[in-house]
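*Asks:* What follows is data-v1.cif; its format and atoms are mmCIF, C-alpha atoms and all ligand atoms.
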data_run
loop_
_atom_site.label_atom_id
_atom_site.label_comp_id
_atom_site.auth_asym_id
_atom_site.auth_seq_id
_atom_site.Cartn_x
_atom_site.Cartn_y
_atom_site.Cartn_z
CA MET A 1438 156.10 89.60 107.01
CA PRO A 1439 159.93 89.32 107.39
CA LYS A 1440 161.46 86.60 105.26
CA LYS A 1441 164.98 85.53 104.32
CA HIS A 1442 165.19 86.59 100.67
CA ASN A 1443 167.38 88.39 98.10
CA ILE A 1444 168.11 92.11 98.33
CA LEU A 1445 169.12 94.14 95.27
CA LEU A 1446 170.30 97.68 96.00
CA ILE A 1447 170.67 99.93 92.94
CA ILE A 1448 172.28 103.34 93.44
CA CYS A 1449 172.30 105.61 90.39
CA ASP A 1450 174.93 108.27 90.99
CA ALA A 1451 173.74 111.89 90.63
CA LEU A 1452 170.22 110.99 89.42
CA ARG A 1453 167.67 113.75 90.02
CA PRO A 1454 164.07 112.61 90.62
CA ASP A 1455 162.52 115.48 88.65
CA PHE A 1456 164.09 114.01 85.49
CA LEU A 1457 162.05 110.78 85.90
CA GLY A 1458 158.54 110.23 84.59
CA CYS A 1459 157.35 108.81 87.92
CA TYR A 1460 158.23 112.10 89.68
CA THR A 1461 157.55 114.59 86.88
CA LYS A 1462 154.88 113.65 84.39
CA ALA A 1463 156.36 115.83 81.65
CA GLU A 1464 159.46 113.60 81.66
CA ALA A 1465 158.50 110.50 79.71
CA ASN A 1466 161.87 109.07 78.79
CA THR A 1467 162.27 106.57 81.62
CA PRO A 1468 159.81 103.70 81.02
CA THR A 1469 161.75 101.13 83.09
CA ILE A 1470 162.04 103.26 86.21
CA ASP A 1471 158.43 104.48 85.83
CA ASN A 1472 157.17 100.90 85.54
CA LEU A 1473 159.24 99.86 88.55
CA ALA A 1474 157.73 102.76 90.51
CA GLU A 1475 154.22 101.56 89.64
CA ASN A 1476 155.07 98.19 91.18
CA SER A 1477 156.86 99.67 94.19
CA VAL A 1478 156.27 101.94 97.13
CA LEU A 1479 157.46 105.34 95.86
CA PHE A 1480 158.86 107.94 98.26
CA GLN A 1481 158.16 111.45 96.97
CA ASN A 1482 160.39 113.21 99.48
CA ALA A 1483 163.47 111.01 99.90
CA ILE A 1484 166.43 113.05 101.10
CA ALA A 1485 170.15 112.18 100.98
CA PRO A 1486 172.16 112.67 104.19
CA GLY A 1487 174.73 114.73 102.25
CA CYS A 1488 175.42 116.32 98.89
CA GLY A 1489 178.12 114.11 97.32
CA THR A 1490 179.16 110.46 97.04
CA PRO A 1491 181.36 110.41 100.19
CA LEU A 1492 178.64 112.22 102.16
CA SER A 1493 175.91 109.85 101.10
CA VAL A 1494 177.01 106.34 100.08
CA PRO A 1495 179.05 105.34 103.18
CA GLU A 1496 176.24 106.94 105.22
CA LEU A 1497 173.57 104.87 103.43
CA LEU A 1498 175.61 101.67 103.84
CA THR A 1499 176.20 102.26 107.57
CA SER A 1500 173.10 104.34 108.46
CA THR A 1501 175.16 107.11 110.06
CA TYR A 1502 175.35 110.85 109.28
CA PRO A 1503 178.43 112.37 107.56
CA SER A 1504 179.44 114.02 110.86
CA ILE A 1505 179.74 110.54 112.39
CA HIS A 1506 181.18 108.67 109.44
CA GLY A 1507 183.12 111.67 108.10
CA ASP A 1508 185.46 109.76 105.87
CA TYR A 1509 186.04 108.53 102.33
CA PHE A 1510 187.12 105.19 103.80
CA LEU A 1511 184.70 102.40 104.67
CA THR A 1512 186.88 99.68 106.06
CA SER A 1513 185.14 97.94 108.96
CA PRO A 1514 182.64 95.37 107.65
CA GLU A 1515 180.77 95.05 110.96
CA ASN A 1516 179.10 98.47 110.62
CA LYS A 1517 177.99 97.87 107.04
CA LEU A 1518 174.73 96.45 105.76
CA SER A 1519 176.69 93.96 103.63
CA GLY A 1520 178.75 92.83 106.65
CA LEU A 1521 175.61 92.18 108.68
CA LEU A 1522 173.95 90.22 105.89
CA GLN A 1523 177.17 88.29 105.21
CA ALA A 1524 177.39 87.29 108.89
CA ASN A 1525 173.79 86.07 108.65
CA GLY A 1526 174.40 83.80 105.67
CA TRP A 1527 173.76 86.05 102.64
CA ASP A 1528 176.01 85.77 99.58
CA THR A 1529 177.16 89.40 99.35
CA ALA A 1530 178.29 91.04 96.11
CA ALA A 1531 178.84 94.52 94.69
CA ILE A 1532 179.69 96.06 91.34
CA SER A 1533 180.97 99.62 91.50
CA THR A 1534 182.48 101.87 88.90
CA ASN A 1535 182.99 104.94 91.10
CA ALA A 1536 186.65 105.27 92.17
CA TYR A 1537 185.57 106.59 95.59
CA LEU A 1538 183.63 103.35 96.11
CA SER A 1539 186.44 100.96 95.30
CA PRO A 1540 188.80 98.62 97.21
CA ILE A 1541 191.24 101.56 97.59
CA PHE A 1542 188.83 102.94 100.20
CA GLY A 1543 187.95 99.57 101.73
CA TYR A 1544 184.58 99.12 100.04
CA ASN A 1545 185.32 95.46 99.17
CA ARG A 1546 185.26 94.49 102.87
CA GLY A 1547 182.06 92.72 103.87
CA TYR A 1548 181.53 91.28 100.38
CA ASN A 1549 182.13 87.74 99.11
CA HIS A 1550 182.46 89.20 95.61
CA PHE A 1551 183.41 92.78 94.76
CA GLN A 1552 184.11 94.10 91.29
CA TYR A 1553 185.40 97.58 90.62
CA LEU A 1554 185.00 98.27 86.92
CA SER A 1555 187.69 100.85 86.29
CA LYS A 1556 188.42 102.96 83.26
CA ARG A 1557 191.46 104.95 82.33
CA ASN A 1558 191.03 108.59 83.20
CA GLU A 1559 192.54 110.55 80.29
CA ILE A 1560 189.05 111.85 79.67
CA TYR A 1561 189.31 114.01 82.80
CA LEU A 1562 191.83 116.20 81.01
CA LEU A 1563 189.54 116.63 78.03
CA TYR A 1564 186.60 117.22 80.37
CA TYR A 1565 188.62 119.86 82.22
CA PHE A 1566 189.29 121.81 79.03
CA TYR A 1567 185.70 121.32 77.94
CA ARG A 1568 184.38 122.93 81.16
CA ARG A 1569 186.92 125.78 80.92
CA LEU A 1570 185.72 126.43 77.39
CA ILE A 1571 182.11 126.58 78.60
CA GLU A 1572 183.13 129.08 81.28
CA LEU A 1573 185.02 131.13 78.74
CA LYS A 1574 181.97 131.15 76.49
CA ASP A 1575 179.80 132.42 79.35
CA ALA A 1576 182.32 135.11 80.16
CA LEU A 1577 182.44 136.45 76.65
CA SER A 1578 180.07 139.22 75.81
CA LYS A 1579 180.81 139.59 72.10
CA LYS A 1580 177.90 137.89 70.36
CA GLY A 1581 179.58 136.71 67.16
CA PHE A 1582 182.55 135.10 68.87
CA SER A 1583 180.31 133.58 71.52
CA LYS A 1584 178.17 131.96 68.84
CA LEU A 1585 181.21 130.53 67.12
CA LEU A 1586 182.44 129.06 70.42
CA GLU A 1587 179.06 127.55 71.12
CA PHE A 1588 179.18 125.86 67.75
CA LEU A 1589 182.68 124.52 68.42
CA ILE A 1590 181.54 123.20 71.78
CA THR A 1591 178.76 121.21 70.17
CA LEU A 1592 181.38 119.37 68.14
CA LEU A 1593 183.44 118.44 71.17
CA PRO A 1594 181.62 115.86 73.26
CA LEU A 1595 180.07 112.77 72.93
CA PRO A 1596 180.13 109.45 71.23
CA GLN A 1597 183.81 109.14 70.48
CA VAL A 1598 184.82 110.06 74.01
CA ARG A 1599 184.75 107.51 76.82
CA PRO A 1600 183.73 108.49 80.36
CA PRO A 1601 186.04 107.56 83.27
CA TYR A 1602 183.58 104.95 84.50
CA ALA A 1603 182.04 101.80 83.03
CA SER A 1604 178.71 102.32 81.29
CA ALA A 1605 175.32 101.06 82.43
CA ALA A 1606 175.54 98.42 79.69
CA GLU A 1607 178.76 97.06 81.22
CA VAL A 1608 177.41 97.11 84.81
CA THR A 1609 174.21 95.32 83.76
CA LYS A 1610 176.14 92.73 81.73
CA LYS A 1611 178.41 91.96 84.71
CA ALA A 1612 175.42 91.84 87.07
CA ILE A 1613 173.63 89.29 84.88
CA THR A 1614 176.76 87.10 84.83
CA TRP A 1615 176.94 87.24 88.60
CA LEU A 1616 173.22 86.57 89.11
CA ASN A 1617 173.88 83.22 87.44
CA LYS A 1618 176.51 82.37 90.06
CA LEU A 1619 175.33 83.90 93.35
CA SER A 1620 173.77 81.60 95.92
CA GLU A 1621 170.42 82.61 97.38
CA PRO A 1622 169.73 84.54 99.45
CA PHE A 1623 172.05 87.18 98.03
CA PHE A 1624 172.67 90.86 98.65
CA LEU A 1625 173.78 92.60 95.45
CA TRP A 1626 174.67 96.31 95.32
CA LEU A 1627 174.98 97.83 91.84
CA HIS A 1628 176.38 101.33 91.52
CA TYR A 1629 175.58 102.96 88.16
CA MET A 1630 177.49 106.11 87.21
CA ASP A 1631 175.95 107.28 83.93
CA PRO A 1632 174.08 110.41 85.10
CA HIS A 1633 177.29 111.65 86.79
CA GLY A 1634 179.49 114.09 84.86
CA PRO A 1635 181.19 114.10 82.45
CA TYR A 1636 177.99 113.61 80.48
CA VAL A 1637 178.95 111.42 77.53
CA PRO A 1638 175.95 109.32 76.48
CA PRO A 1639 176.12 107.02 73.46
CA LEU A 1640 175.07 108.73 70.24
CA SER A 1641 171.99 106.48 69.97
CA SER A 1642 170.73 107.76 73.34
CA LEU A 1643 171.33 111.35 72.37
CA LEU A 1644 169.34 110.86 69.16
CA HIS A 1645 166.60 109.15 71.16
CA THR A 1646 166.32 112.11 73.56
CA LYS A 1647 164.61 115.14 72.14
CA ARG A 1648 165.99 118.49 73.24
CA LYS A 1649 163.22 120.62 74.70
CA ARG A 1650 162.65 124.14 73.48
CA GLY A 1651 164.97 126.48 75.36
CA GLU A 1652 166.53 123.63 77.35
CA LYS A 1653 170.14 124.04 78.45
CA ARG A 1654 172.50 121.80 76.50
CA TRP A 1655 173.84 120.18 79.69
CA LYS A 1656 170.35 119.21 80.82
CA TRP A 1657 169.56 117.64 77.46
CA ILE A 1658 172.77 115.57 77.48
CA TYR A 1659 172.14 114.60 81.13
CA ARG A 1660 168.65 113.39 80.13
CA ALA A 1661 170.24 111.28 77.37
CA GLU A 1662 172.49 109.66 80.02
CA ILE A 1663 169.38 108.87 82.08
CA GLN A 1664 167.64 107.41 79.02
CA PHE A 1665 170.63 105.08 78.47
CA LEU A 1666 170.67 104.08 82.14
CA ASP A 1667 166.93 103.38 82.06
CA ALA A 1668 167.26 101.14 78.98
CA ASN A 1669 169.98 99.09 80.67
CA LEU A 1670 168.06 98.83 83.94
CA GLY A 1671 165.28 97.47 81.74
CA LYS A 1672 167.56 94.65 80.55
CA LEU A 1673 168.46 93.81 84.15
CA ILE A 1674 164.84 93.71 85.31
CA GLN A 1675 163.82 91.65 82.30
CA TYR A 1676 166.49 89.11 83.26
CA LEU A 1677 165.37 89.07 86.91
CA ARG A 1678 161.81 88.37 85.80
CA SER A 1679 162.86 85.66 83.33
CA ARG A 1680 164.75 83.79 86.05
CA ASP A 1681 162.03 83.99 88.72
CA PHE A 1682 164.18 86.17 91.00
CA TRP A 1683 161.30 88.64 90.90
CA SER A 1684 159.21 86.62 93.35
CA ASN A 1685 162.03 86.34 95.89
CA THR A 1686 163.90 89.66 95.62
CA SER A 1687 163.33 93.08 97.16
CA LEU A 1688 164.73 95.84 94.95
CA ILE A 1689 165.63 99.26 96.28
CA LEU A 1690 166.40 101.92 93.68
CA THR A 1691 167.78 105.30 94.68
CA ALA A 1692 170.51 107.90 94.03
CA ASP A 1693 173.26 109.19 96.30
CA HIS A 1694 172.56 112.86 95.43
CA GLY A 1695 171.28 115.08 92.63
CA GLU A 1696 172.94 117.54 90.28
CA GLU A 1697 172.85 121.32 89.83
CA PHE A 1698 172.42 122.99 86.46
CA GLY A 1699 172.88 126.59 87.53
CA GLU A 1700 169.65 126.87 89.56
CA HIS A 1701 171.70 128.43 92.41
CA GLY A 1702 174.60 129.71 90.37
CA PHE A 1703 176.79 126.60 90.28
CA SER A 1704 177.00 123.23 88.56
CA GLY A 1705 177.72 119.63 89.61
CA HIS A 1706 177.28 118.78 93.27
CA PRO A 1707 179.28 121.04 95.58
CA HIS A 1708 178.80 121.26 99.37
CA GLU A 1709 175.35 122.86 99.34
CA LEU A 1710 172.00 121.57 100.60
CA TYR A 1711 169.45 122.68 98.01
CA ASP A 1712 166.89 120.12 96.83
CA THR A 1713 168.60 119.93 93.43
CA LEU A 1714 171.37 118.16 95.37
CA ILE A 1715 169.75 116.27 98.24
CA HIS A 1716 166.28 115.35 96.92
CA VAL A 1717 166.69 111.86 95.45
CA PRO A 1718 164.48 109.16 93.92
CA LEU A 1719 163.60 106.22 96.17
CA MET A 1720 161.39 103.26 95.36
CA ILE A 1721 161.16 99.90 97.08
CA TYR A 1722 159.80 96.91 95.20
CA SER A 1723 159.18 93.82 97.26
CA PRO A 1724 157.01 90.77 96.57
CA PHE A 1725 156.25 90.88 100.31
CA VAL A 1726 154.82 94.41 100.25
CA LYS A 1727 151.04 94.62 100.44
CA GLU A 1728 150.30 97.82 98.57
CA ALA A 1729 152.52 98.20 95.53
CA GLY A 1730 151.95 101.45 93.66
CA MET A 1731 151.60 103.42 96.88
CA THR A 1732 153.12 106.93 97.07
CA ILE A 1733 154.51 108.26 100.35
CA GLU A 1734 154.84 112.01 100.89
CA GLN A 1735 156.41 111.86 104.35
CA PRO A 1736 160.09 112.94 104.05
CA VAL A 1737 162.46 110.02 104.61
CA SER A 1738 166.24 109.66 104.64
CA LEU A 1739 168.61 107.32 102.83
CA LEU A 1740 169.80 106.40 106.33
CA ASP A 1741 166.45 104.59 106.64
CA ILE A 1742 167.38 101.94 104.04
CA PHE A 1743 169.65 99.85 106.31
CA PRO A 1744 167.04 99.38 109.09
CA THR A 1745 164.34 98.77 106.45
CA VAL A 1746 166.34 95.87 104.98
CA CYS A 1747 166.79 94.45 108.50
CA ASP A 1748 163.01 94.46 108.95
CA LEU A 1749 162.32 93.01 105.50
CA VAL A 1750 164.61 90.02 106.06
CA GLY A 1751 164.00 89.58 109.79
CA ILE A 1752 167.43 90.49 111.23
CA GLU A 1753 167.79 92.43 114.47
CA LYS A 1754 168.87 96.05 113.86
CA PRO A 1755 172.36 96.99 115.17
CA SER A 1756 172.33 99.73 117.80
CA HIS A 1757 174.53 102.20 115.83
CA LEU A 1758 171.91 102.87 113.11
CA GLN A 1759 170.72 106.48 112.90
CA GLY A 1760 167.96 105.87 110.35
CA LYS A 1761 164.42 104.68 111.05
CA SER A 1762 162.94 101.68 109.30
CA LEU A 1763 160.53 102.36 106.44
CA SER A 1764 158.80 99.03 107.01
CA PRO A 1765 155.77 100.78 108.58
CA PHE A 1766 155.14 102.20 105.09
CA LEU A 1767 155.68 98.82 103.46
CA ILE A 1768 154.17 96.13 105.62
CA GLU A 1769 152.35 97.72 108.54
CA LYS A 1770 150.43 100.90 109.23
CA PRO A 1771 152.62 104.06 109.15
CA LYS A 1772 153.55 105.25 112.63
CA LYS A 1773 154.17 108.87 113.54
CA ARG A 1774 157.65 110.04 112.60
CA ASP A 1775 159.62 113.24 112.92
CA GLU A 1776 158.11 115.70 110.41
CA GLY A 1777 161.43 116.29 108.63
CA VAL A 1778 164.85 114.85 107.81
CA ILE A 1779 168.35 116.20 108.28
CA SER A 1780 171.24 116.52 105.80
CA GLU A 1781 174.77 117.73 106.35
CA ALA A 1782 177.48 119.43 104.28
CA PHE A 1783 181.09 120.01 105.19
CA LYS A 1784 182.94 123.30 104.69
CA LYS A 1785 183.82 124.35 101.15
CA GLU A 1786 187.50 123.49 101.56
CA TYR A 1787 186.65 119.77 101.78
CA GLU A 1788 185.08 119.75 98.33
CA GLY A 1789 186.62 117.73 95.52
CA SER A 1790 189.20 115.05 95.25
CA MET A 1791 192.11 117.10 96.61
CA ASN A 1792 191.15 116.21 100.16
CA VAL A 1793 190.47 112.51 99.61
CA GLY A 1794 191.52 110.49 102.61
CA LYS A 1795 193.59 113.31 104.12
CA HIS A 1796 191.25 114.23 106.91
CA GLU A 1797 188.44 112.60 108.84
CA CYS A 1798 185.74 115.27 108.97
CA THR A 1799 183.81 115.78 112.15
CA ILE A 1800 181.29 118.20 113.72
CA SER A 1801 183.63 121.19 113.66
CA ASP A 1802 184.07 120.67 109.90
CA LEU A 1803 180.35 121.05 109.16
CA GLY A 1804 179.53 124.03 106.95
CA LYS A 1805 175.75 123.67 106.65
CA VAL A 1806 173.00 121.46 108.08
CA SER A 1807 169.46 121.36 106.71
CA TYR A 1808 166.03 120.29 107.87
CA ARG A 1809 163.55 119.31 105.14
CA THR A 1810 159.85 118.80 105.81
CA LYS A 1811 157.08 118.29 103.24
CA ARG A 1812 156.58 122.05 103.10
CA TRP A 1813 159.76 123.71 104.35
CA LYS A 1814 163.51 123.63 103.90
CA TYR A 1815 165.66 125.29 106.52
CA ILE A 1816 169.40 125.58 105.90
CA TYR A 1817 171.41 126.35 109.00
CA SER A 1818 174.76 127.83 108.09
CA LEU A 1819 177.50 127.48 110.69
CA ASN A 1820 179.38 130.48 109.34
CA GLY A 1821 177.03 132.38 107.08
CA ARG A 1822 173.43 133.41 106.42
CA ASP A 1823 170.61 130.95 107.18
CA GLU A 1824 167.98 130.18 104.54
CA LEU A 1825 164.31 129.18 104.69
CA TYR A 1826 162.26 128.11 101.65
CA ASN A 1827 158.66 127.14 101.13
CA ILE A 1828 159.23 124.00 99.06
CA LYS A 1829 155.54 123.69 98.12
CA ASN A 1830 155.39 127.15 96.49
CA ASP A 1831 159.04 127.52 95.60
CA PRO A 1832 160.51 124.06 94.80
CA MET A 1833 163.66 125.55 93.23
CA GLU A 1834 164.40 127.47 96.46
CA GLN A 1835 164.79 130.95 94.98
CA ASN A 1836 162.98 133.05 97.58
CA ASN A 1837 164.62 133.08 101.04
CA LEU A 1838 161.91 133.66 103.69
CA ILE A 1839 164.23 133.78 106.71
CA GLU A 1840 163.16 137.34 107.61
CA GLU A 1841 159.42 136.79 106.97
CA GLU A 1842 158.88 133.44 108.77
CA LYS A 1843 160.82 134.01 111.99
CA ALA A 1844 158.83 131.59 114.20
CA ILE A 1845 159.30 128.67 111.79
CA ALA A 1846 162.99 129.47 111.41
CA ARG A 1847 163.41 129.53 115.19
CA LYS A 1848 161.72 126.14 115.59
CA PHE A 1849 163.89 124.46 112.91
CA ARG A 1850 167.10 126.14 114.13
CA LYS A 1851 166.45 124.66 117.58
CA ARG A 1852 165.88 121.22 116.03
CA LEU A 1853 169.20 121.41 114.12
CA ARG A 1854 171.17 122.65 117.12
CA GLU A 1855 169.87 119.64 119.07
CA HIS A 1856 170.98 117.39 116.21
CA ILE A 1857 174.50 118.87 116.16
CA SER A 1858 174.86 118.51 119.91
CA LYS A 1859 173.64 114.88 119.76
CA GLN A 1860 176.10 114.11 116.96
CA ARG A 1861 178.93 115.61 119.02
CA THR A 1862 178.15 113.25 121.93
CA ILE A 1863 177.93 110.19 119.65
CA LYS A 1864 181.15 111.12 117.87
CA ARG A 1865 182.98 111.50 121.18
CA LYS A 1866 181.82 108.04 122.26
CA THR A 1867 182.77 106.54 118.87
CA LEU A 1868 186.26 108.07 119.04
CA LYS A 1869 186.72 106.75 122.59
CA ARG A 1870 185.63 103.28 121.44
CA LYS A 1871 188.03 103.44 118.47
CA LEU A 1872 190.85 104.53 120.76
CA ARG A 1873 190.12 101.73 123.27
CA LYS A 1874 190.09 99.21 120.38
CA ARG A 1875 193.43 100.52 119.07
CA ILE A 1876 195.00 100.37 122.55
CA SER A 1877 193.85 96.78 123.11
CA GLU A 1878 195.09 95.75 119.63
CA THR A 1879 198.49 97.35 120.35
CA ARG A 1880 198.63 95.59 123.72
CA GLU A 1881 197.91 92.26 122.04
CA LYS A 1882 200.75 92.87 119.59
CA ILE A 1883 203.22 93.87 122.31
CA PHE A 1884 202.44 91.22 124.95
ZN ZN B 1 177.84 110.44 93.78
#
For this file, write the structure as structure tokens.
Ligand SMILES: [Zn+2]
*Replies:*
Amino acid sequence: MPKKHNILLIICDALRPDFLGCYTKAEANTPTIDNLAENSVLFQNAIAPGCGTPLSVPELLTSTYPSIHGDYFLTSPENKLSGLLQANGWDTAAISTNAYLSPIFGYNRGYNHFQYLSKRNEIYLLYYFYRRLIELKDALSKKGFSKLLEFLITLLPLPQVRPPYASAAEVTKKAITWLNKLSEPFFLWLHYMDPHGPYVPPLSSLLHTKRKRGEKRWKWIYRAEIQFLDANLGKLIQYLRSRDFWSNTSLILTADHGEEFGEHGFSGHPHELYDTLIHVPLMIYSPFVKEAGMTIEQPVSLLDIFPTVCDLVGIEKPSHLQGKSLSPFLIEKPKKRDEGVISEAFKKEYEGSMNVGKHECTISDLGKVSYRTKRWKYIYSLNGRDELYNIKNDPMEQNNLIEEEKAIARKFRKRLREHISKQRTIKRKTLKRKLRKRISETREKIF
């Protein structure tokens, strides 16, 4: 039943679902998120539209694919979820600590209150040398020297070094201050950065997180970051419950992308479309949802969040949205949907901060496009070798079946080619509209 109420959107940057207890039973270090999942509708196969912050967050907030949005900038409030809610009487607020999601790139537009919690970035230099040292260690074959380096590396990180973003404790503290001031109904977006590199958890979290036998050091430290995030999400939820927001707030918790730890020969989140990067957690808690605790296996996209919120609060969906509402899973009977979801990655040369704001990417800049169903993942490469994986049997996507399963590959390739052609048409129309708008604005200035 749609109702005007509060919406809390929590995006945890670079949080992989298989590190959470609610997705992987062996992981038991996330009691807050696991408890939230038990009271929410949990999506087992939620897929990000792209493999990095600028290919996922602006897309989530506007419900458009990277090939349509294609930019680090998010300036026009009318296409954003926050802008729509603001125009309909919501008090809109956001706390971000990711530099790409700051007023520099127009993210404050469409919000009554926007706080970018910045940190000085000297740490990047240290982090840079730290990573080079790790690479050097890997490159060295001499055992004795390698061992000595490994020991030195263990002394380098952690508690004394500050990350370039505000911690979960700071984001939660600020959020609680704001929750005291916001008028209802509100829309509050909180962007937590802790699981994102550089991994520098507080010492207490590291001590609280047991390293598994044979576990890579990076994974262990990453899990400690998640433990710290989880504890601070716990404080936020405890506050929401204590102030009765819980009965009038829908909470959506997700991540913009995952993180690689060498499963495909690289680390971080480069322009690739493996599940380590695009499979994300997604849970929706709402006091207006009938069956809390339900698990949905149907693949869904982060583009679906915008139309879902529209349905939850009873606002008409704008025509530009490319996602499909998840409300059938929440409040009605599920209807038939497309069996899979699509993600996009740009060419390698657009990776990293060097290209920030220099170029608006479009269809011709796409490097890879993928189609993910419950069972299959097809990666269509625009200038390389295609890949097909059986996700059920091979969740880490190690065994490429492109030669063995030709009929399936053909079917998915056709689906992705149709998607690319559709995006090209939409993009052309969008560019024409933008151009018309610019011409009319120029005319107004001249005459
Ligand atoms: Zn990110």
*Asks:* With all atoms listed in the file as the atoms that count, which of A:Ile1444, A:Ile1863, A:Leu1710, A:Val1637 lies nearest to Leu1803 in chain A?
*Replies:*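 Counting all atoms listed in the file, the residue closest to Leu1803 in chain A is A:Leu1710.
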*Asks:* Using only C-alpha atoms and all ligand atoms, what does the table of chain A residues within 9 Å of ligand ZN 1 (chain B) look like, with each row giving the shortest atom pair and its distance in Å to one decimal, sorted by chain and ascending number, as JSON lines?
*Replies:*
{"residue": "A:Cys1449", "atom": "CA", "partner": "B:ZN1", "partner_atom": "ZN", "distance": 8.1}
{"residue": "A:Asp1450", "atom": "CA", "partner": "B:ZN1", "partner_atom": "ZN", "distance": 4.6}
{"residue": "A:Ala1451", "atom": "CA", "partner": "B:ZN1", "partner_atom": "ZN", "distance": 5.4}
{"residue": "A:Leu1452", "atom": "CA", "partner": "B:ZN1", "partner_atom": "ZN", "distance": 8.8}
{"residue": "A:Cys1488", "atom": "CA", "partner": "B:ZN1", "partner_atom": "ZN", "distance": 8.2}
{"residue": "A:Gly1489", "atom": "CA", "partner": "B:ZN1", "partner_atom": "ZN", "distance": 5.1}
{"residue": "A:Thr1490", "atom": "CA", "partner": "B:ZN1", "partner_atom": "ZN", "distance": 3.5}
{"residue": "A:Pro1491", "atom": "CA", "partner": "B:ZN1", "partner_atom": "ZN", "distance": 7.3}
{"residue": "A:Leu1492", "atom": "CA", "partner": "B:ZN1", "partner_atom": "ZN", "distance": 8.6}
{"residue": "A:Ser1493", "atom": "CA", "partner": "B:ZN1", "partner_atom": "ZN", "distance": 7.6}
{"residue": "A:Val1494", "atom": "CA", "partner": "B:ZN1", "partner_atom": "ZN", "distance": 7.6}
{"residue": "A:Asn1535", "atom": "CA", "partner": "B:ZN1", "partner_atom": "ZN", "distance": 8.0}
{"residue": "A:Tyr1537", "atom": "CA", "partner": "B:ZN1", "partner_atom": "ZN", "distance": 8.8}
{"residue": "A:Met1630", "atom": "CA", "partner": "B:ZN1", "partner_atom": "ZN", "distance": 7.9}
{"residue": "A:His1633", "atom": "CA", "partner": "B:ZN1", "partner_atom": "ZN", "distance": 7.1}
{"residue": "A:Ala1692", "atom": "CA", "partner": "B:ZN1", "partner_atom": "ZN", "distance": 7.8}
{"residue": "A:Asp1693", "atom": "CA", "partner": "B:ZN1", "partner_atom": "ZN", "distance": 5.4}
{"residue": "A:His1694", "atom": "CA", "partner": "B:ZN1", "partner_atom": "ZN", "distance": 6.0}
{"residue": "A:Gly1695", "atom": "CA", "partner": "B:ZN1", "partner_atom": "ZN", "distance": 8.1}
{"residue": "A:His1706", "atom": "CA", "partner": "B:ZN1", "partner_atom": "ZN", "distance": 8.4}
*Asks:* Would you please work out which residue, of A:Leu1445, A:Ile1505, A:Ile1470, A:Leu1670, is nearest to Ser1858 in chain A when using all atoms listed in the file?
*Replies:*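 So, comparing all the options, the nearest one is A:Ile1505.
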*Asks:* At a cut-off of 6 Å, using only C-alpha atoms, what residues contact Lys1805 in chain A? Leave out same-chain residues fewer than 2 positions from it and give the result as a ChimeraX atom specification.
*Replies:* /A:1782,1803,1817-1819
*Asks:* I'd like the interatomic distance between CA of Tyr1659 in chain A and CA of Ile1733 in chain A, to a tenth of an Å.
*Replies:*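 CA of Ile1733 in chain A lies at a distance of 26.8 Å from CA of Tyr1659 in chain A.
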*Asks:* List as a ChimeraX atom specification the protein and nucleic acid residues near Pro1724 in chain A, meaning an atom at most 10 Å away when only C-alpha atoms are counted, but skip any in the same chain fewer than 4 places from it.
*Replies:* /A:1476-1477,1683-1688,1728-1729
*Asks:* Using all atoms listed in the file, list the residues that have an atom at most 8 Å from (186.8, 108.5, 89.4), coordinates as in the file, as a VMD selection string.
*Replies:* chain A and resid 1534 to 1537 1558 1601 to 1602
*Asks:* Taking into account all atoms listed in the file, which residue in the set A:Pro1736, A:Asp1741, A:Tyr1502, A:Val1750 is nearest to Trp1813 in chain A?
*Replies:*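 Ranking A:Pro1736, A:Asp1741, A:Tyr1502, A:Val1750 by distance to Trp1813 in chain A, first place goes to A:Pro1736.
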*Asks:* Using Å and a single decimal, report how far CA of Leu1538 in chain A sits from CA of Gln1552 in chain A.
*Replies:*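 Here the two named atoms are 10.4 Å from each other.
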*Asks:* Could you name the residues that touch Phe1703 in chain A at 12 Å or less, counting only C-alpha atoms, but leaving out those on the same chain fewer than 5 positions away, as a list of chain:residue names?
*Replies:* A:Glu1572, A:Glu1696, A:Glu1697, A:Phe1698, A:His1708, A:Glu1709, A:Tyr1711, A:Thr1713, A:Leu1714
*Asks:* When distances are computed from all atoms listed in the file, which of A:Pro1755, A:Leu1498, A:Arg1648, A:Asn1482 shows the smallest separation from Lys1829 in chain A?
*Replies:* A:Asn1482
*Asks:* Using all atoms listed in the file, which of A:Tyr1553, A:Phe1743, A:Tyr1808, A:Phe1783 sits nearest Ser1762 in chain A?
*Replies:*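 Closest to Ser1762 in chain A of all the choices is A:Phe1743.
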*Asks:* Could you tell me how far CA of Leu1473 in chain A sits from CA of Ser1723 in chain A, in Å to one decimal place?
*Replies:*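 Distance reported for this atom pair: 10.6 Å.
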*Asks:* Of the candidates A:Glu1786, A:Val1726, A:Ser1780, A:Ala1605, which one gets nearest to Ser1764 in chain A if we count only C-alpha atoms?
*Replies:*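 Under the stated criterion, the closest residue is A:Val1726.
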*Asks:* Residues proximal to (165.7, 101.2, 94.8) were defined as those with any atom within 8 Å of that point in the file's coordinates, counting all atoms listed in the file. Which are they, as a VMD selection string?
*Replies:* chain A and resid 1445 to 1448 1688 to 1691 1719 to 1722
*Asks:* Tell me which protein, DNA and RNA residues are within 9 Å of Ile1800 in chain A, counting all atoms listed in the file, leaving out same-chain ones fewer than 5 positions away, and put them as a list in words.
*Replies:*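 Non-adjacent residues within range: Pro1503, Ser1504, Ile1505, Gly1507, Phe1783, Ile1857, Ser1858, Gln1860, Arg1861 and Lys1864 of chain A.
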